[in-house]
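Asker: So that you have it, the file is entry.txt, and it contains compact mmCIF, C-alpha atoms:
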# COMPACT_ATOMS: atom_id res chain seq x y z
CA MET A 1 130.42 87.22 81.49
CA HIS A 2 131.53 87.33 85.10
CA ILE A 3 128.43 88.47 87.01
CA ALA A 4 128.25 89.49 90.67
CA LEU A 5 124.69 88.83 91.83
CA VAL A 6 123.74 90.54 95.09
CA THR A 7 120.71 89.44 97.09
CA GLU A 8 119.47 89.47 100.66
CA THR A 9 117.44 86.30 100.10
CA TYR A 10 118.41 83.00 98.49
CA PRO A 11 117.51 79.33 99.08
CA PRO A 12 117.18 77.55 101.48
CA GLU A 13 114.93 80.56 102.13
CA VAL A 14 111.63 80.06 100.31
CA ASN A 15 110.03 83.07 98.63
CA GLY A 16 109.57 84.32 95.11
CA VAL A 17 112.70 86.49 95.10
CA ALA A 18 114.94 83.72 96.46
CA MET A 19 113.65 81.10 94.04
CA THR A 20 113.91 83.46 91.06
CA ASN A 21 117.50 84.30 91.97
CA GLN A 22 118.39 80.61 92.21
CA ARG A 23 116.88 79.86 88.80
CA LEU A 24 118.73 82.78 87.23
CA VAL A 25 122.03 81.68 88.78
CA ARG A 26 121.62 78.07 87.67
CA GLY A 27 120.55 79.12 84.20
CA LEU A 28 123.47 81.52 83.74
CA LEU A 29 125.95 78.90 84.96
CA SER A 30 124.55 76.35 82.51
CA LYS A 31 125.28 78.79 79.68
CA GLY A 32 128.93 79.23 80.64
CA HIS A 33 128.80 82.43 82.69
CA ARG A 34 130.66 82.83 85.99
CA ILE A 35 128.76 83.98 89.07
CA LEU A 36 129.91 85.69 92.25
CA LEU A 37 126.94 85.29 94.60
CA ILE A 38 126.86 87.78 97.48
CA LYS A 39 124.33 87.31 100.27
CA PRO A 40 123.94 87.39 104.09
CA ARG A 41 125.61 84.57 106.01
CA ARG A 42 123.50 81.58 107.10
CA LYS A 43 124.53 78.64 109.28
CA ASP A 44 122.72 76.21 107.01
CA ALA A 45 123.95 77.66 103.71
CA ALA A 46 124.84 75.06 101.13
CA PRO A 47 128.33 75.11 99.60
CA ALA A 48 128.82 76.35 96.07
CA GLU A 49 127.20 73.80 93.78
CA HIS A 50 129.10 74.59 90.57
CA GLY A 51 132.74 75.21 89.72
CA SER A 52 131.92 78.58 88.14
CA LEU A 53 130.00 79.76 91.22
CA THR A 54 131.80 81.64 93.98
CA LEU A 55 129.93 82.38 97.20
CA HIS A 56 130.69 85.41 99.35
CA GLU A 57 128.64 85.82 102.53
CA VAL A 58 128.47 88.98 104.62
CA PHE A 59 127.40 89.66 108.18
CA GLY A 60 123.63 89.91 108.56
CA ILE A 61 120.97 90.74 111.13
CA PRO A 62 117.48 89.17 111.29
CA ILE A 63 114.60 91.11 109.75
CA PRO A 64 111.75 91.61 112.26
CA ASN A 65 108.65 89.52 111.42
CA TYR A 66 110.50 87.78 108.60
CA THR A 67 111.72 84.52 110.10
CA GLY A 68 114.92 83.26 108.49
CA LEU A 69 115.61 86.40 106.45
CA LYS A 70 118.46 88.81 107.15
CA LEU A 71 119.62 92.25 106.16
CA GLY A 72 123.16 92.07 104.84
CA LEU A 73 125.60 94.46 106.55
CA PRO A 74 129.03 94.22 104.92
CA PHE A 75 132.02 95.66 106.74
CA PRO A 76 133.31 99.05 105.50
CA GLY A 77 135.33 98.54 102.33
CA GLU A 78 134.49 94.81 102.16
CA LEU A 79 132.62 94.90 98.88
CA GLU A 80 134.94 97.40 97.25
CA HIS A 81 137.86 95.10 98.05
CA LEU A 82 135.88 92.07 96.83
CA PHE A 83 135.03 93.71 93.51
CA GLU A 84 138.62 94.86 93.02
CA GLN A 85 139.82 91.28 93.45
CA ALA A 86 137.04 89.53 91.50
CA GLN A 87 136.71 92.10 88.70
CA PRO A 88 133.15 91.24 87.65
CA ASP A 89 131.90 92.58 84.33
CA ILE A 90 128.67 93.73 85.99
CA VAL A 91 127.06 93.81 89.44
CA HIS A 92 123.38 92.83 89.43
CA VAL A 93 121.49 93.87 92.58
CA ALA A 94 118.33 91.86 93.26
CA THR A 95 117.33 93.55 96.55
CA GLU A 96 117.49 97.20 97.55
CA GLY A 97 118.39 96.73 101.25
CA PRO A 98 121.67 97.66 102.98
CA LEU A 99 123.59 94.98 101.07
CA GLY A 100 122.26 96.19 97.73
CA PHE A 101 122.97 99.81 98.67
CA SER A 102 126.56 98.98 99.67
CA SER A 103 127.09 97.00 96.47
CA LEU A 104 125.75 99.82 94.33
CA ARG A 105 128.04 102.35 95.93
CA ALA A 106 131.13 100.12 95.81
CA ALA A 107 130.57 99.24 92.16
CA HIS A 108 130.12 102.87 91.16
CA LYS A 109 133.34 103.86 92.93
CA LEU A 110 135.17 101.31 90.79
CA GLY A 111 133.34 102.12 87.57
CA ILE A 112 131.66 98.70 87.37
CA PRO A 113 128.25 98.66 85.64
CA VAL A 114 125.26 97.98 87.90
CA SER A 115 121.88 96.54 86.96
CA SER A 116 118.96 95.70 89.24
CA THR A 117 115.58 94.02 89.50
CA PHE A 118 112.40 95.47 90.97
CA HIS A 119 111.06 92.43 92.81
CA THR A 120 108.90 93.83 95.59
CA ASN A 121 106.44 96.70 96.09
CA PHE A 122 107.95 97.75 99.41
CA GLN A 123 106.19 101.12 99.17
CA ASP A 124 102.84 99.29 99.31
CA TYR A 125 103.87 97.06 102.22
CA CYS A 126 104.38 100.03 104.56
CA ALA A 127 100.65 100.20 105.34
CA ASP A 128 100.48 96.44 106.01
CA TYR A 129 103.08 96.84 108.75
CA GLY A 130 101.66 99.95 110.39
CA ALA A 131 103.94 102.45 108.65
CA ALA A 132 101.77 103.99 105.94
CA PHE A 133 103.45 107.35 106.65
CA ALA A 134 106.71 105.91 105.25
CA ALA A 135 105.34 104.96 101.82
CA ARG A 136 106.40 108.17 100.06
CA GLY A 137 109.87 108.03 101.55
CA MET A 138 110.22 104.40 100.54
CA MET A 139 109.21 105.17 96.96
CA ALA A 140 111.69 108.05 96.88
CA TYR A 141 114.47 105.70 97.92
CA LEU A 142 113.46 103.01 95.42
CA ARG A 143 113.26 105.59 92.61
CA TRP A 144 116.72 106.92 93.45
CA PHE A 145 118.21 103.42 93.81
CA HIS A 146 117.00 102.07 90.49
CA ASN A 147 117.76 105.29 88.63
CA GLU A 148 121.38 104.84 89.70
CA CYS A 149 121.46 101.57 87.73
CA ALA A 150 122.17 101.06 84.03
CA LEU A 151 118.86 99.22 83.79
CA THR A 152 116.21 97.64 86.01
CA THR A 153 114.37 94.47 85.06
CA VAL A 154 110.67 94.28 85.93
CA PRO A 155 108.48 91.15 85.66
CA ASP A 156 105.19 92.73 84.58
CA PRO A 157 104.25 95.32 81.91
CA SER A 158 101.65 97.05 84.08
CA LEU A 159 104.25 97.46 86.83
CA ILE A 160 106.57 99.09 84.31
CA GLU A 161 103.84 101.64 83.54
CA ARG A 162 103.34 102.33 87.24
CA LEU A 163 107.06 102.72 87.95
CA GLU A 164 107.52 105.02 84.96
CA LYS A 165 104.79 107.27 86.37
CA ASP A 166 106.72 107.27 89.66
CA GLY A 167 109.82 108.47 87.83
CA VAL A 168 111.83 105.25 87.56
CA LYS A 169 113.87 105.10 84.35
CA ARG A 170 115.54 102.51 82.11
CA LEU A 171 113.07 99.72 82.83
CA GLU A 172 113.24 96.44 80.93
CA MET A 173 110.65 93.68 80.85
CA LEU A 174 111.92 90.31 82.13
CA GLY A 175 109.21 87.75 82.65
CA ARG A 176 109.42 84.47 84.50
CA GLY A 177 109.46 80.90 83.31
CA ALA A 178 107.85 77.68 84.47
CA ASP A 179 109.82 74.77 85.90
CA THR A 180 107.66 72.10 84.30
CA GLU A 181 109.97 69.29 85.37
CA LEU A 182 109.69 70.06 89.08
CA PHE A 183 106.07 71.21 89.06
CA THR A 184 103.96 68.63 87.27
CA PRO A 185 100.59 66.88 87.75
CA SER A 186 102.41 63.53 87.79
CA LYS A 187 103.51 64.21 91.38
CA ARG A 188 99.97 63.94 92.71
CA ASP A 189 100.14 61.87 95.92
CA SER A 190 97.08 59.96 97.20
CA GLU A 191 98.68 59.36 100.58
CA LEU A 192 99.32 63.07 101.05
CA ARG A 193 95.72 63.80 100.11
CA ARG A 194 94.51 61.27 102.68
CA SER A 195 96.48 63.13 105.34
CA TRP A 196 94.29 66.12 104.46
CA GLY A 197 91.15 64.03 104.82
CA ALA A 198 90.64 63.78 101.07
CA ASP A 199 90.09 60.69 98.94
CA ASP A 200 90.58 60.55 95.17
CA ASN A 201 87.29 62.34 94.53
CA THR A 202 87.45 65.00 97.24
CA PRO A 203 88.19 68.50 95.88
CA VAL A 204 91.12 70.29 97.53
CA ALA A 205 91.91 74.00 97.36
CA ILE A 206 95.39 75.28 98.19
CA TYR A 207 97.29 78.50 98.86
CA VAL A 208 101.08 78.61 98.59
CA GLY A 209 103.16 81.55 99.71
CA ARG A 210 104.37 83.59 102.62
CA VAL A 211 101.88 83.69 105.50
CA ALA A 212 102.07 87.43 106.01
CA ALA A 213 99.72 90.40 106.12
CA GLU A 214 100.52 91.66 102.62
CA LYS A 215 99.31 88.38 101.07
CA ASP A 216 95.75 88.86 102.40
CA ILE A 217 95.34 85.14 103.10
CA PRO A 218 92.07 85.71 105.01
CA HIS A 219 90.58 86.77 101.67
CA SER A 220 91.57 83.44 100.08
CA LEU A 221 90.17 81.59 103.09
CA GLU A 222 86.91 83.54 102.90
CA ALA A 223 86.58 82.48 99.27
CA TRP A 224 87.16 78.85 100.28
CA ALA A 225 84.58 79.10 103.09
CA ALA A 226 81.99 80.51 100.67
CA ALA A 227 82.69 77.77 98.12
CA ARG A 228 82.45 75.16 100.86
CA LYS A 229 78.80 76.07 101.42
CA HIS A 230 78.13 74.66 97.94
CA CYS A 231 80.62 71.80 98.27
CA PRO A 232 80.87 70.71 101.94
CA ASP A 233 83.72 68.24 101.20
CA LEU A 234 86.04 70.96 99.84
CA LYS A 235 89.32 70.92 101.78
CA MET A 236 91.73 73.84 102.20
CA VAL A 237 95.52 73.63 102.55
CA VAL A 238 97.88 76.53 103.27
CA VAL A 239 101.55 75.93 102.42
CA GLY A 240 104.05 78.40 103.81
CA ASP A 241 105.03 80.13 107.01
CA GLY A 242 105.16 83.65 108.36
CA PRO A 243 104.22 86.05 111.15
CA ILE A 244 100.43 85.59 111.02
CA ARG A 245 100.32 81.78 110.76
CA LYS A 246 99.42 81.15 114.41
CA LYS A 247 96.69 83.77 114.27
CA LEU A 248 95.18 82.16 111.18
CA GLU A 249 95.42 78.66 112.67
CA ARG A 250 93.37 79.81 115.65
CA LYS A 251 90.72 81.46 113.50
CA TRP A 252 90.54 78.72 110.84
CA PRO A 253 90.89 75.37 112.67
CA GLU A 254 89.46 73.37 109.74
CA VAL A 255 92.23 74.52 107.40
CA HIS A 256 95.32 72.31 107.09
CA PHE A 257 98.44 74.46 107.62
CA ALA A 258 101.30 72.50 106.09
CA GLY A 259 104.13 74.92 106.95
CA MET A 260 107.14 75.49 104.74
CA ARG A 261 107.74 72.93 101.99
CA TYR A 262 110.69 72.61 99.64
CA ASP A 263 111.49 71.27 96.18
CA GLU A 264 109.95 67.83 95.56
CA ASP A 265 107.80 68.06 98.68
CA LEU A 266 106.45 71.43 97.56
CA ALA A 267 105.75 70.01 94.11
CA ARG A 268 103.78 67.12 95.69
CA HIS A 269 101.66 69.58 97.65
CA TYR A 270 100.81 71.59 94.55
CA ALA A 271 100.00 68.55 92.43
CA SER A 272 97.88 66.92 95.13
CA ALA A 273 95.40 69.82 95.14
CA ASP A 274 92.81 70.78 92.52
CA ILE A 275 92.19 74.52 92.85
CA PHE A 276 94.68 77.30 93.62
CA ILE A 277 93.04 80.23 95.42
CA PHE A 278 95.30 83.29 95.40
CA GLY A 279 93.71 86.51 96.61
CA SER A 280 96.86 88.59 97.04
CA THR A 281 96.83 92.02 95.39
CA SER A 282 100.40 93.00 96.29
CA GLU A 283 102.44 90.95 93.81
CA THR A 284 105.01 92.28 91.38
CA PHE A 285 104.68 88.97 89.56
CA GLY A 286 103.53 85.99 91.64
CA ASN A 287 105.70 82.96 90.83
CA VAL A 288 103.21 80.70 92.61
CA VAL A 289 100.62 81.31 89.88
CA ILE A 290 102.73 79.77 87.11
CA GLU A 291 103.91 77.02 89.48
CA ALA A 292 100.29 76.12 90.22
CA MET A 293 99.45 76.12 86.52
CA ALA A 294 102.44 73.87 85.77
CA SER A 295 101.09 71.54 88.48
CA GLY A 296 97.79 71.31 86.65
CA LEU A 297 95.64 73.37 89.04
CA ALA A 298 92.69 75.59 88.24
CA VAL A 299 93.89 79.00 89.41
CA ILE A 300 91.58 81.66 90.82
CA THR A 301 93.34 85.01 91.04
CA TYR A 302 93.12 88.67 90.08
CA ASP A 303 93.63 90.17 86.63
CA TYR A 304 97.15 91.54 87.08
CA ALA A 305 100.79 90.38 87.26
CA ALA A 306 101.28 86.68 86.47
CA GLY A 307 97.55 86.04 86.28
CA LYS A 308 97.12 88.64 83.56
CA GLN A 309 100.16 87.38 81.66
CA PHE A 310 99.27 83.69 81.61
CA ILE A 311 95.55 83.16 82.20
CA GLN A 312 92.69 83.44 79.75
CA SER A 313 89.74 83.45 82.09
CA GLY A 314 87.44 80.47 81.69
CA GLN A 315 89.91 78.60 79.50
CA ASN A 316 93.00 77.86 81.59
CA GLY A 317 92.05 79.51 84.87
CA HIS A 318 89.87 82.23 86.39
CA LEU A 319 90.60 85.98 86.58
CA MET A 320 88.65 88.57 88.51
CA PRO A 321 88.93 92.39 88.28
CA LEU A 322 91.72 93.56 90.56
CA GLY A 323 90.39 94.33 94.02
CA ASP A 324 86.81 93.12 93.39
CA ARG A 325 86.57 90.95 96.49
CA GLN A 326 82.97 89.91 96.00
CA ALA A 327 83.62 88.80 92.43
CA PHE A 328 86.62 86.79 93.62
CA ILE A 329 84.60 84.99 96.27
CA HIS A 330 81.74 84.37 93.85
CA CYS A 331 84.20 82.92 91.33
CA ALA A 332 85.34 80.34 93.89
CA GLU A 333 81.70 79.40 94.50
CA ILE A 334 81.00 78.97 90.79
CA ALA A 335 84.20 76.98 90.18
CA VAL A 336 83.30 74.24 92.67
CA THR A 337 79.72 73.95 91.41
CA GLN A 338 80.88 73.46 87.82
CA SER A 339 83.14 70.50 88.48
CA SER A 340 82.74 69.15 84.92
CA LYS A 341 84.64 72.19 83.60
CA MET A 342 87.57 71.62 85.95
CA PRO A 343 89.53 68.91 84.02
CA PRO A 344 89.85 70.82 80.72
CA ILE A 345 90.81 74.03 82.56
CA ARG A 346 93.49 72.18 84.52
CA ALA A 347 94.84 70.52 81.37
CA ALA A 348 94.96 73.89 79.61
CA ALA A 349 96.80 75.44 82.58
CA ARG A 350 99.52 72.81 82.30
CA ALA A 351 99.77 73.30 78.54
CA THR A 352 100.19 77.06 79.02
CA ALA A 353 103.02 76.57 81.51
CA GLU A 354 104.83 74.33 79.04
CA ASP A 355 104.95 77.24 76.57
CA TYR A 356 107.02 79.39 78.97
CA PRO A 357 110.34 77.64 79.68
CA TRP A 358 112.89 79.27 81.95
CA ALA A 359 115.54 78.98 79.22
CA ALA A 360 114.01 81.88 77.29
CA THR A 361 114.04 84.06 80.41
CA ILE A 362 117.69 83.22 81.09
CA ASP A 363 118.69 84.14 77.53
CA ARG A 364 116.96 87.51 77.73
CA PHE A 365 118.47 88.22 81.16
CA ALA A 366 121.98 87.48 79.88
CA ASN A 367 121.43 89.75 76.86
CA LEU A 368 120.20 92.59 79.06
CA LEU A 369 123.24 92.31 81.32
CA GLN A 370 125.56 92.26 78.30
CA ASN A 371 123.91 95.43 76.97
CA ALA A 372 124.17 97.10 80.38
CA THR A 373 127.96 96.72 80.38
CA ASN A 374 128.17 99.07 77.37
CA LEU A 375 125.96 101.95 78.54
CA GLU A 376 127.43 105.42 79.04
CA GLN A 377 126.04 105.96 82.52
CA ASN A 378 128.51 103.45 83.98
CA ALA A 379 131.17 106.07 84.72
CA PRO A 380 132.82 105.95 88.18
CA ARG A 381 131.14 107.99 90.92
CA ILE A 382 132.68 108.97 94.22
CA ASP A 383 129.62 110.07 96.20
CA ILE A 384 126.35 108.96 94.64
CA VAL A 385 124.05 109.66 97.59
CA PRO A 386 122.13 112.97 97.31
CA ASN A 387 121.09 114.77 100.47
CA THR A 388 117.39 114.00 99.93
CA VAL A 389 118.10 110.28 100.03
CA LYS A 390 120.55 110.60 102.92
CA SER A 391 117.70 112.06 104.98
CA ILE A 392 115.58 108.99 104.23
CA LEU A 393 118.38 106.57 105.05
As structure tokens, please, write out the structure in this file.

Answerer:
Amino acid sequence: MHIALVTETYPPEVNGVAMTNQRLVRGLLSKGHRILLIKPRRKDAAPAEHGSLTLHEVFGIPIPNYTGLKLGLPFPGELEHLFEQAQPDIVHVATEGPLGFSSLRAAHKLGIPVSSTFHTNFQDYCADYGAAFAARGMMAYLRWFHNECALTTVPDPSLIERLEKDGVKRLEMLGRGADTELFTPSKRDSELRRSWGADDNTPVAIYVGRVAAEKDIPHSLEAWAAARKHCPDLKMVVVGDGPIRKKLERKWPEVHFAGMRYDEDLARHYASADIFIFGSTSETFGNVVIEAMASGLAVITYDYAAGKQFIQSGQNGHLMPLGDRQAFIHCAEIAVTQSSKMPPIRAAARATAEDYPWAATIDRFANLLQNATNLEQNAPRIDIVPNTVKSIL
């Protein structure tokens, strides 16, 4: 197939959506598909890395409080002209922002099938950024957007149930895989651990992800602080960057904030820790959970999304009831006091990750896109924006 993949975030940006998009693109290319990648323009963007990959960048403006990310704003008619020239078999929209909206409309005008992915619970984030009043409007837009697509992939079964209740149709499960070559316990680095003040026997807890309000990092740090009362040597590392990093650094001076890390360096940081404390309750999936498991860490997280899919509590990690903050903190305390149980749990976490290769995810994604090209709802549309959605936009 010739697939146009539209996204407002892609490496070198580091977040779950960007990294998932990159793995899908690389996987599809390896199986002989052609990709037209459409994203906002960056000064440091890498050139196309494969002969079957064509890159088209559009004008973009920075997103407030999201350093390095941009909203794509194509010129009028730009995408329609691009699709006419490229003639993709399908347009897959990974983000629902202005670039995704423009791509959806251009594709429908030309009668090109459109599929999408529900990556982010934007309706839930409204409250985290002081705009709780906008949650209903956001959900109305997301419902309309995805219902205009031939299908929408979703990474978690419970999220499918929630979205169906909210009126979103044609949802398809598409899980995530584990990159067990990049993320592996063999990349444990004693020198890196020493830079954290840890020797070979010092336990180290880690958080990896965006340092933003919706991730509730203070909750993870509170769990670490409680566990530290039972294990005074327990170190804490936060990998990532975001709008609340400076605030957290001031409040938690004993925590090592490592900033943004990439590829092999990121893998070293994972593998050099022992426990992954992830208290976020806003994930659609949570790629970091399976990355931590592949790195051989004992994961402490909530019983939903990736945690629910991959972890059997007490065997290859630890799950707490979603939203039970006291149970989560208590779990961290228990985990550090039962150090003898840590090695088998970490080994089992790695073994679990090895059972979920990305190749299976790529194959299912390609099959879903192929099916979407044959669905009846892909007829051309001239004006697909109802008045109710226009008022939101």

Asker: With all atoms listed in the file as the atoms that count, which of A:Asp216, A:Asp156, A:Glu8, A:Glu57 lies nearest to Leu82 (chain A)?

Answerer: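 Result for the nearest residue to Leu82 (chain A): A:Glu57.
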
Asker: I'd like the interatomic distance between CA of Thr284 (chain A) and CA of Lys247 (chain A), to a tenth of an Å.

Answerer: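 Atom-to-atom, CA of Thr284 (chain A) and CA of Lys247 (chain A) are spaced 25.8 Å apart.
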
Asker: Report as a PyMOL selection string all protein, DNA and RNA residues lying within 12 Å of Lys308 (chain A), evaluated on only C-alpha atoms, omitting residues in the same chain fewer than 6 positions from it.

Answerer: chain A and resi 155-159+283-286+289-290+299-302+316-322

Asker: Between CA of Ile160 (chain A) and CA of Ala305 (chain A), what is the distance, to one decimal in Å?

Answerer: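 Computed distance, CA of Ile160 (chain A) to CA of Ala305 (chain A), equals 10.9 Å.
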
Asker: Go through region 76-98 of chain A residue by residue and, counting all atoms listed in the file, keep those with an atom at most 12 Å from region 29-36 of chain A; for each kept residue give the shortest atom pair and its distance in Å to one decimal, ordered by chain and increasing number, as a Markdown table.

Answerer:
| residue | atom | partner | partner_atom | distance |
| --- | --- | --- | --- | --- |
| A:Leu79 | CA | A:Leu36 | CA | 11.7 |
| A:Leu82 | CA | A:Leu36 | CA | 9.9 |
| A:Phe83 | CA | A:Leu36 | CA | 9.6 |
| A:Gln85 | CA | A:Leu36 | CA | 11.4 |
| A:Ala86 | CA | A:Leu36 | CA | 8.1 |
| A:Gln87 | CA | A:Leu36 | CA | 10.0 |
| A:Pro88 | CA | A:Leu36 | CA | 7.9 |
| A:Asp89 | CA | A:Arg34 | CA | 10.0 |
| A:Ile90 | CA | A:Ile35 | CA | 10.2 |
| A:Val91 | CA | A:Leu36 | CA | 9.1 |
| A:His92 | CA | A:Leu36 | CA | 10.1 |
| A:Val93 | CA | A:Leu36 | CA | 11.7 |

Asker: Tell me, as a ChimeraX atom specification, which residues lie within 12 Å of Leu248 (chain A), counting all atoms listed in the file; anything in the same chain fewer than 5 positions away does not count.

Answerer: /A:211-213,216-222,238,241-243,253-257

Asker: Calculated over all atoms listed in the file, which of the candidates A:Leu174, A:Leu5, A:Val25, A:Met139 has the smallest distance to Leu99 (chain A)?

Answerer: A:Leu5

Asker: CA of Val58 (chain A) to CA of Gly72 (chain A): how many Å, to one decimal?

Answerer: 6.1 Å

Asker: Between A:Ser339, A:Ser282, A:Thr117, A:Ser295, which has the minimum distance to Val6 (chain A) (counting all atoms listed in the file)?

Answerer: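 Closest to Val6 (chain A) of all the choices is A:Thr117.
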
Asker: With all atoms listed in the file as the counted atoms, please give the residues lying no more than 7 Å from region 362-370 of chain A, apart from itself and same-chain residues fewer than 4 positions off, as a list in words.

Answerer: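 What passes the distance filter is Leu24, Gly27, Leu28, Leu174 and Trp358 of chain A.
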
Asker: Taking into account all atoms listed in the file, which residue in the set A:Gly323, A:Pro185, A:Pro203, A:Gly175 is nearest to His269 (chain A)?

Answerer: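 Of the candidates, the smallest distance to His269 (chain A) is held by A:Pro185.
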
Asker: Find the residues around Lys70 (chain A) up to 9 Å (all atoms listed in the file counted), leave out those fewer than 5 positions away in its own chain, and share them as a list in words.

Answerer: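 Those residues are Glu8, Thr9, Pro40, Arg41, Arg42, Gly60, Ile61, Pro62, Ile63 and Pro64 of chain A.
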
Asker: Deliver the residues from the most recent selection as a file, using C-alpha atoms, as a short mmCIF file (atom, residue, chain, number, x, y, z; two decimals), keeping the file's coordinate frame.

Answerer:
data_model
loop_
_atom_site.label_atom_id
_atom_site.label_comp_id
_atom_site.auth_asym_id
_atom_site.auth_seq_id
_atom_site.Cartn_x
_atom_site.Cartn_y
_atom_site.Cartn_z
CA GLU A 8 119.47 89.47 100.66
CA THR A 9 117.44 86.30 100.10
CA PRO A 40 123.94 87.39 104.09
CA ARG A 41 125.61 84.57 106.01
CA ARG A 42 123.50 81.58 107.10
CA GLY A 60 123.63 89.91 108.56
CA ILE A 61 120.97 90.74 111.13
CA PRO A 62 117.48 89.17 111.29
CA ILE A 63 114.60 91.11 109.75
CA PRO A 64 111.75 91.61 112.26
#

Asker: I'd like to know which of A:Ala298, A:Ser313, A:Asp303, A:Glu249 is closest to Pro344 (chain A), using all atoms listed in the file.

Answerer: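 Looking at the shortest contact to Pro344 (chain A), the residue is A:Ala298.
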
Asker: Which polymer residues have any atom within 9 Å of an atom of Glu291 (chain A), counting all atoms listed in the file, with same-chain residues fewer than 4 positions away left out, as a ChimeraX atom specification?

Answerer: /A:178-180,183-184,267,270,287,295-296,353

Asker: Write to file, as a PDB file, in the coordinates of the input, the residues of the selection just made, with C-alpha atoms.

Answerer:
ATOM      1  CA  ALA A 178     107.850  77.680  84.470  1.00  0.00           C
ATOM      2  CA  ASP A 179     109.820  74.770  85.900  1.00  0.00           C
ATOM      3  CA  THR A 180     107.660  72.100  84.300  1.00  0.00           C
ATOM      4  CA  PHE A 183     106.070  71.210  89.060  1.00  0.00           C
ATOM      5  CA  THR A 184     103.960  68.630  87.270  1.00  0.00           C
ATOM      6  CA  ALA A 267     105.750  70.010  94.110  1.00  0.00           C
ATOM      7  CA  TYR A 270     100.810  71.590  94.550  1.00  0.00           C
ATOM      8  CA  ASN A 287     105.700  82.960  90.830  1.00  0.00           C
ATOM      9  CA  SER A 295     101.090  71.540  88.480  1.00  0.00           C
ATOM     10  CA  GLY A 296      97.790  71.310  86.650  1.00  0.00           C
ATOM     11  CA  ALA A 353     103.020  76.570  81.510  1.00  0.00           C
TER      12      ALA A 353
END

Asker: For Glu161 (chain A), which residue out of A:Gly100, A:Arg188, A:Met173, A:Val237 is the nearest one, using only C-alpha atoms?

Answerer: A:Met173
